[in-house]
Every structure is written in structure tokens, then in C-alpha cells.
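**Student:** Dropping the structure in here first, questions after.
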Amino acid sequence: MKRALILILAMTAVASARDKKLKPQPGPYIFTSKASAQIVKARIVRENLLRGYTLDFDKQLQFRFSMPAQMPLMSAVFVASSACPGMTTKKVWSYTLVELNGITKVTVEPVFEYPDDYCQLQTQPLIWSQREEMAAFQTILDKAPTSEDQVPTAAPPVSPAVAPTATAIPPGQQ
């Protein structure tokens with residue numbers, strides 16, 4: 001009888017743990033890269049500009065981007081942005097880079113920035129719940145070249161008069 005009860009409790013605990021999903025947590029989110037802080041910054045800036053964000057603040061290794069956006073419906077109910085002329089709700093991504101011992105630590109803090117009832121700016125954490133987006137961001141950091149020499153540059157033009165020639169390899173040496 002005791003064994004059956006223990007077995008039932010164990011199975012219930014396992015099922016409960018399996019069904020319980022991890023809730024996404026608000027930032028800041030921490031990532032790392034083996035590339036220098038300057039190379040990482042260049043990659044982050046390029047990606048955000050391609051996505052339509054505007055660079056609002058840039059102070060060496062601290063910078064932020066924003067874009068007008070709608071807050072989730074439940075949060076937007078309490079926002080009075082329409083009552084504040086010239087102020088809009090924005091999605092804001094702030095980045096801080098710290099380079100130490102050949103590793104660059106990237107701190108990302110996404111928030112919604114919105115005007116309150118008195119037209120003062122307020123922030124609300126933006127929960128980065130898309131694991132695929134987080135993995136894609138880490139991939140961008142992982143693919144960053146680790147030294148200045150590896151940064152791709154434009155290839156010099158080849159003159160038609162001096163075109164490279166193919167060298168034949170003897171059959172026995174392939």
C-alpha cells in the first residue's frame with residue numbers, strides 16, 4: 001500500500017514538473033561573445049538599423065535603439081499616450097558592452113517607453129519571450145569575427161589583363 005502511494009506521488013510530481021513551463025522573465029538579458037566589443041557593437045548596430053530601429057543614444061559601449069510600437073493590449077489599457085502630443089509609445093532596446101579577458105559581455109535590456117497621465121516618460125519591461133530570437137541574437141554574436149583581421153573587406157578589383165590562371169594538378173598528386 002505504501003509503495004503504491006509513493007509511486008502515485010512520484011508520478012504526479014513528474015507529470016506536474018513536465019507540464020510546468022518556464023515563464024519568460026524580464027531583462028536584462030546577458031550574452032557573451034569572443035569578438036571584441038567594437039566588432040560586436042558594429043554587428044548589433046547594423047542588425048537594429050536593418051530592422052527599422054533608430055539609434056537614439058550612442059556613448060562608446062552603451063547605446064540604445066527605439067521604434068514606435070504598440071504595447072500588449074493588457075498594458076496599453078492604462079497608457080494615456082494619445083493625450084500627450086508629440087509623445088508616442090516606443091519599443092526600446094538598450095545595450096551595454098563590457099570587454100574583459102577576450103570575452104565581450106553584452107547586456108540587453110528591452111523595455112516599452114510610454115507617457116503616463118502627466119506626460120512623463122515611464123518604462124515597462126518588455127519580456128523577450130521568443131527563444132528563437134534570443135538564439136538568433138546569440139548566433140549573430142557567435143559569428144562575429146574574433147579579430148580585426150577577419151573583418152570582411154571588399155575584394156580588390158581584378159584587372160582583365162592580369163586575370164588569375166588555374167594551375168593544373170598532376171593526376172597522381174590529387
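Going by the C-alpha cells order, chains are called A, B, ..., each with residues numbered from 1, while ligands are numbered from 1 in the order shown.
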Excluding same-chain residues fewer than 2 positions from Leu100 in chain A, what lies within 12 Å of it counting only C-alpha atoms, as JSON, numbers by chain?

**Tutor:** {"A": [32, 33, 34, 35, 36, 37, 97, 98, 102, 103, 104, 105, 106]}

**Student:** Identify, on the basis of only C-alpha atoms, every residue whose closest approach to Lys91 in chain A does not exceed 7 Å; exclude the query and any residue fewer than 6 positions from it along the same chain; express the result as a PyMOL selection string.

**Tutor:** chain A and resi 66-69+111-113

**Student:** Using only C-alpha atoms, which of the listed residues (A:Leu126, A:Pro24, A:Thr89, A:Phe65) sits closest to Glu47 in chain A?

**Tutor:**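 Of the candidates, the smallest distance to Glu47 in chain A is held by A:Phe65.
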
**Student:** If we count only C-alpha atoms and set the cut-off at 12 Å, which residues sit around Pro125 in chain A, ignoring sequence neighbours fewer than 3 positions away in its own chain? Please answer as a VMD selection string.

**Tutor:** chain A and resid 24 to 29 71 to 72 75 90 to 94 108 to 114 122 128 to 129

**Student:** Pick out the residues sitting within 8 Å of Phe63 in chain A, and hand them over as a count of residues only; count only C-alpha atoms, and ignore anything fewer than 5 positions along from it in its own chain.

**Tutor:** 7

**Student:** Fewer than 2 positions away in the same chain doesn't count, so skip those; otherwise give me all residues within 12 Å of Thr139 in chain A, counting only C-alpha atoms, as a list in words.

**Tutor:**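 Within the cut-off, the hits are Phe31, Thr32, Ser33, Lys34, Val40, Arg43, Ile44, Glu132, Glu133, Met134, Ala135, Ala136, Phe137, Leu141, Asp142, Lys143, Ala144 and Pro145 of chain A.
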
**Student:** I need the residues from that last selection saved to file as a CSV table (one decimal), in the first residue's frame (with all heavy atoms), if you can.

**Tutor:**
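For reference, part_34.csv as written:
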chain,number,residue,atom,x,y,z
A,31,PHE,N,24.5,38.0,-22.7
A,31,PHE,CA,25.0,37.2,-23.7
A,31,PHE,C,26.5,37.4,-23.7
A,31,PHE,O,27.0,38.4,-23.2
A,31,PHE,CB,24.5,37.6,-25.1
A,31,PHE,CG,23.0,37.5,-25.3
A,31,PHE,CD1,22.1,38.5,-24.9
A,31,PHE,CD2,22.5,36.3,-25.8
A,31,PHE,CE1,20.8,38.4,-25.1
A,31,PHE,CE2,21.1,36.1,-25.9
A,31,PHE,CZ,20.3,37.2,-25.5
A,32,THR,N,27.3,36.5,-24.4
A,32,THR,CA,28.7,36.7,-24.4
A,32,THR,C,29.2,36.4,-25.9
A,32,THR,O,28.5,35.8,-26.7
A,32,THR,CB,29.5,35.7,-23.5
A,32,THR,OG1,29.1,34.4,-23.8
A,32,THR,CG2,29.2,36.0,-22.1
A,33,SER,N,30.4,37.0,-26.2
A,33,SER,CA,31.0,36.8,-27.5
A,33,SER,C,32.5,36.8,-27.3
A,33,SER,O,33.0,37.5,-26.5
A,33,SER,CB,30.6,37.9,-28.4
A,33,SER,OG,31.2,37.8,-29.7
A,34,LYS,N,33.2,36.1,-28.2
A,34,LYS,CA,34.6,36.1,-28.2
A,34,LYS,C,35.2,37.2,-29.0
A,34,LYS,O,36.4,37.5,-29.0
A,34,LYS,CB,35.1,34.7,-28.7
A,34,LYS,CG,34.8,33.6,-27.8
A,34,LYS,CD,35.4,32.3,-28.3
A,34,LYS,CE,35.0,31.1,-27.4
A,34,LYS,NZ,35.4,29.9,-27.9
A,40,VAL,N,31.4,43.6,-32.0
A,40,VAL,CA,30.1,43.2,-31.5
A,40,VAL,C,29.1,44.4,-31.7
A,40,VAL,O,28.0,44.3,-32.2
A,40,VAL,CB,30.1,42.7,-30.1
A,40,VAL,CG1,28.7,42.6,-29.5
A,40,VAL,CG2,30.8,41.4,-30.0
A,43,ARG,N,28.1,44.9,-35.3
A,43,ARG,CA,27.1,44.0,-35.7
A,43,ARG,C,25.7,44.3,-35.1
A,43,ARG,O,24.7,44.2,-35.8
A,43,ARG,CB,27.5,42.6,-35.2
A,43,ARG,CG,28.6,42.0,-35.9
A,43,ARG,CD,28.3,40.6,-36.3
A,43,ARG,NE,29.2,40.3,-37.4
A,43,ARG,CZ,29.1,39.2,-38.1
A,43,ARG,NH1,28.1,38.3,-37.8
A,43,ARG,NH2,29.9,38.9,-39.1
A,44,ILE,N,25.6,44.7,-33.9
A,44,ILE,CA,24.3,45.0,-33.2
A,44,ILE,C,23.7,46.2,-33.9
A,44,ILE,O,22.5,46.2,-34.2
A,44,ILE,CB,24.5,45.2,-31.7
A,44,ILE,CG1,24.9,43.9,-31.0
A,44,ILE,CG2,23.2,45.8,-31.1
A,44,ILE,CD1,25.3,44.0,-29.6
A,132,GLU,N,13.6,31.7,-30.0
A,132,GLU,CA,14.2,31.7,-31.3
A,132,GLU,C,15.0,33.0,-31.6
A,132,GLU,O,16.1,33.0,-32.1
A,132,GLU,CB,13.2,31.4,-32.5
A,132,GLU,CG,12.4,30.2,-32.3
A,132,GLU,CD,11.2,30.4,-31.4
A,132,GLU,OE1,10.6,31.5,-31.3
A,132,GLU,OE2,10.8,29.4,-30.7
A,133,GLU,N,14.4,34.1,-31.2
A,133,GLU,CA,15.0,35.4,-31.4
A,133,GLU,C,16.3,35.5,-30.5
A,133,GLU,O,17.3,36.1,-30.9
A,133,GLU,CB,14.1,36.6,-31.0
A,133,GLU,CG,13.0,36.8,-32.0
A,133,GLU,CD,12.0,37.9,-31.6
A,133,GLU,OE1,12.3,38.6,-30.6
A,133,GLU,OE2,11.0,38.1,-32.3
A,134,MET,N,16.2,35.0,-29.3
A,134,MET,CA,17.3,35.0,-28.4
A,134,MET,C,18.5,34.2,-29.0
A,134,MET,O,19.6,34.6,-28.9
A,134,MET,CB,16.9,34.6,-27.0
A,134,MET,CG,16.0,35.5,-26.3
A,134,MET,SD,15.4,34.9,-24.7
A,134,MET,CE,16.7,35.4,-23.7
A,135,ALA,N,18.1,33.0,-29.5
A,135,ALA,CA,19.1,32.1,-30.1
A,135,ALA,C,19.7,32.8,-31.3
A,135,ALA,O,20.9,32.7,-31.6
A,135,ALA,CB,18.5,30.8,-30.4
A,136,ALA,N,18.9,33.5,-32.1
A,136,ALA,CA,19.4,34.1,-33.3
A,136,ALA,C,20.3,35.3,-32.9
A,136,ALA,O,21.4,35.5,-33.6
A,136,ALA,CB,18.2,34.7,-34.1
A,137,PHE,N,20.0,36.0,-31.8
A,137,PHE,CA,20.9,37.1,-31.4
A,137,PHE,C,22.3,36.5,-30.9
A,137,PHE,O,23.3,37.0,-31.3
A,137,PHE,CB,20.3,37.8,-30.2
A,137,PHE,CG,21.1,39.0,-29.8
A,137,PHE,CD1,21.2,40.2,-30.5
A,137,PHE,CD2,21.8,38.9,-28.6
A,137,PHE,CE1,22.0,41.2,-30.1
A,137,PHE,CE2,22.6,40.0,-28.2
A,137,PHE,CZ,22.7,41.1,-28.9
A,141,LEU,N,26.2,37.0,-32.4
A,141,LEU,CA,27.4,37.3,-31.6
A,141,LEU,C,28.5,36.2,-31.9
A,141,LEU,O,29.7,36.5,-31.9
A,141,LEU,CB,27.0,37.3,-30.1
A,141,LEU,CG,26.1,38.4,-29.7
A,141,LEU,CD1,25.8,38.3,-28.2
A,141,LEU,CD2,26.6,39.8,-30.1
A,142,ASP,N,28.0,34.9,-32.0
A,142,ASP,CA,29.0,33.8,-32.2
A,142,ASP,C,29.7,33.9,-33.6
A,142,ASP,O,30.8,33.5,-33.7
A,142,ASP,CB,28.3,32.5,-32.1
A,142,ASP,CG,27.8,32.2,-30.7
A,142,ASP,OD1,28.3,32.8,-29.7
A,142,ASP,OD2,26.9,31.3,-30.5
A,143,LYS,N,29.0,34.5,-34.6
A,143,LYS,CA,29.5,34.6,-35.9
A,143,LYS,C,30.4,35.8,-36.1
A,143,LYS,O,31.0,36.0,-37.2
A,143,LYS,CB,28.4,34.5,-37.0
A,143,LYS,CG,27.8,33.2,-37.1
A,143,LYS,CD,26.8,33.1,-38.2
A,143,LYS,CE,26.2,31.7,-38.3
A,143,LYS,NZ,25.2,31.7,-39.4
A,144,ALA,N,30.5,36.7,-35.1
A,144,ALA,CA,31.3,37.9,-35.2
A,144,ALA,C,32.8,37.5,-35.3
A,144,ALA,O,33.2,36.6,-34.5
A,144,ALA,CB,31.0,38.8,-34.1
A,145,PRO,N,33.5,38.1,-36.2
A,145,PRO,CA,35.0,37.7,-36.3
A,145,PRO,C,35.7,38.1,-35.0
A,145,PRO,O,35.3,39.1,-34.3
A,145,PRO,CB,35.5,38.6,-37.4
A,145,PRO,CG,34.4,39.4,-37.9
A,145,PRO,CD,33.1,39.1,-37.1

**Student:** Could you pull out all residues of range 20-150 of chain A with a DSSP call of alpha helix (DSSP H) and give them as a ChimeraX atom specification?

**Tutor:** /A:37-50,73-76,131-142

**Student:** Quick one: distance from CA of Ile127 in chain A to CA of Leu50 in chain A in Å, one decimal?

**Tutor:** 21.7 Å

**Student:** Using Å and a single decimal, report how far CA of Lys41 in chain A sits from CA of Leu61 in chain A.

**Tutor:** 7.4 Å

**Student:** Please compute the CA of Arg131 in chain A-CA of Thr54 in chain A distance, one decimal, in Å.

**Tutor:**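 Separating CA of Arg131 in chain A from CA of Thr54 in chain A is a distance of 23.9 Å.
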
**Student:** Among range 82-131 of chain A, which residues does DSSP mark as strand (DSSP E) when it is run on the backbone? Keep the chain and numbering as in the structure and answer as a list of chain:residue names.

**Tutor:**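 Taking range 82-131 of chain A and keeping strand (DSSP E) only, one gets A:Lys90, A:Lys91, A:Val92, A:Trp93, A:Ser94, A:Tyr95, A:Thr96, A:Leu97, A:Val98, A:Glu99, A:Leu100, A:Ile103, A:Thr104, A:Lys105, A:Val106, A:Thr107, A:Val108, A:Glu109, A:Pro110, A:Val111, A:Phe112, A:Glu113, A:Tyr114, A:Pro115, A:Leu121, A:Gln122, A:Thr123, A:Gln124, A:Pro125.
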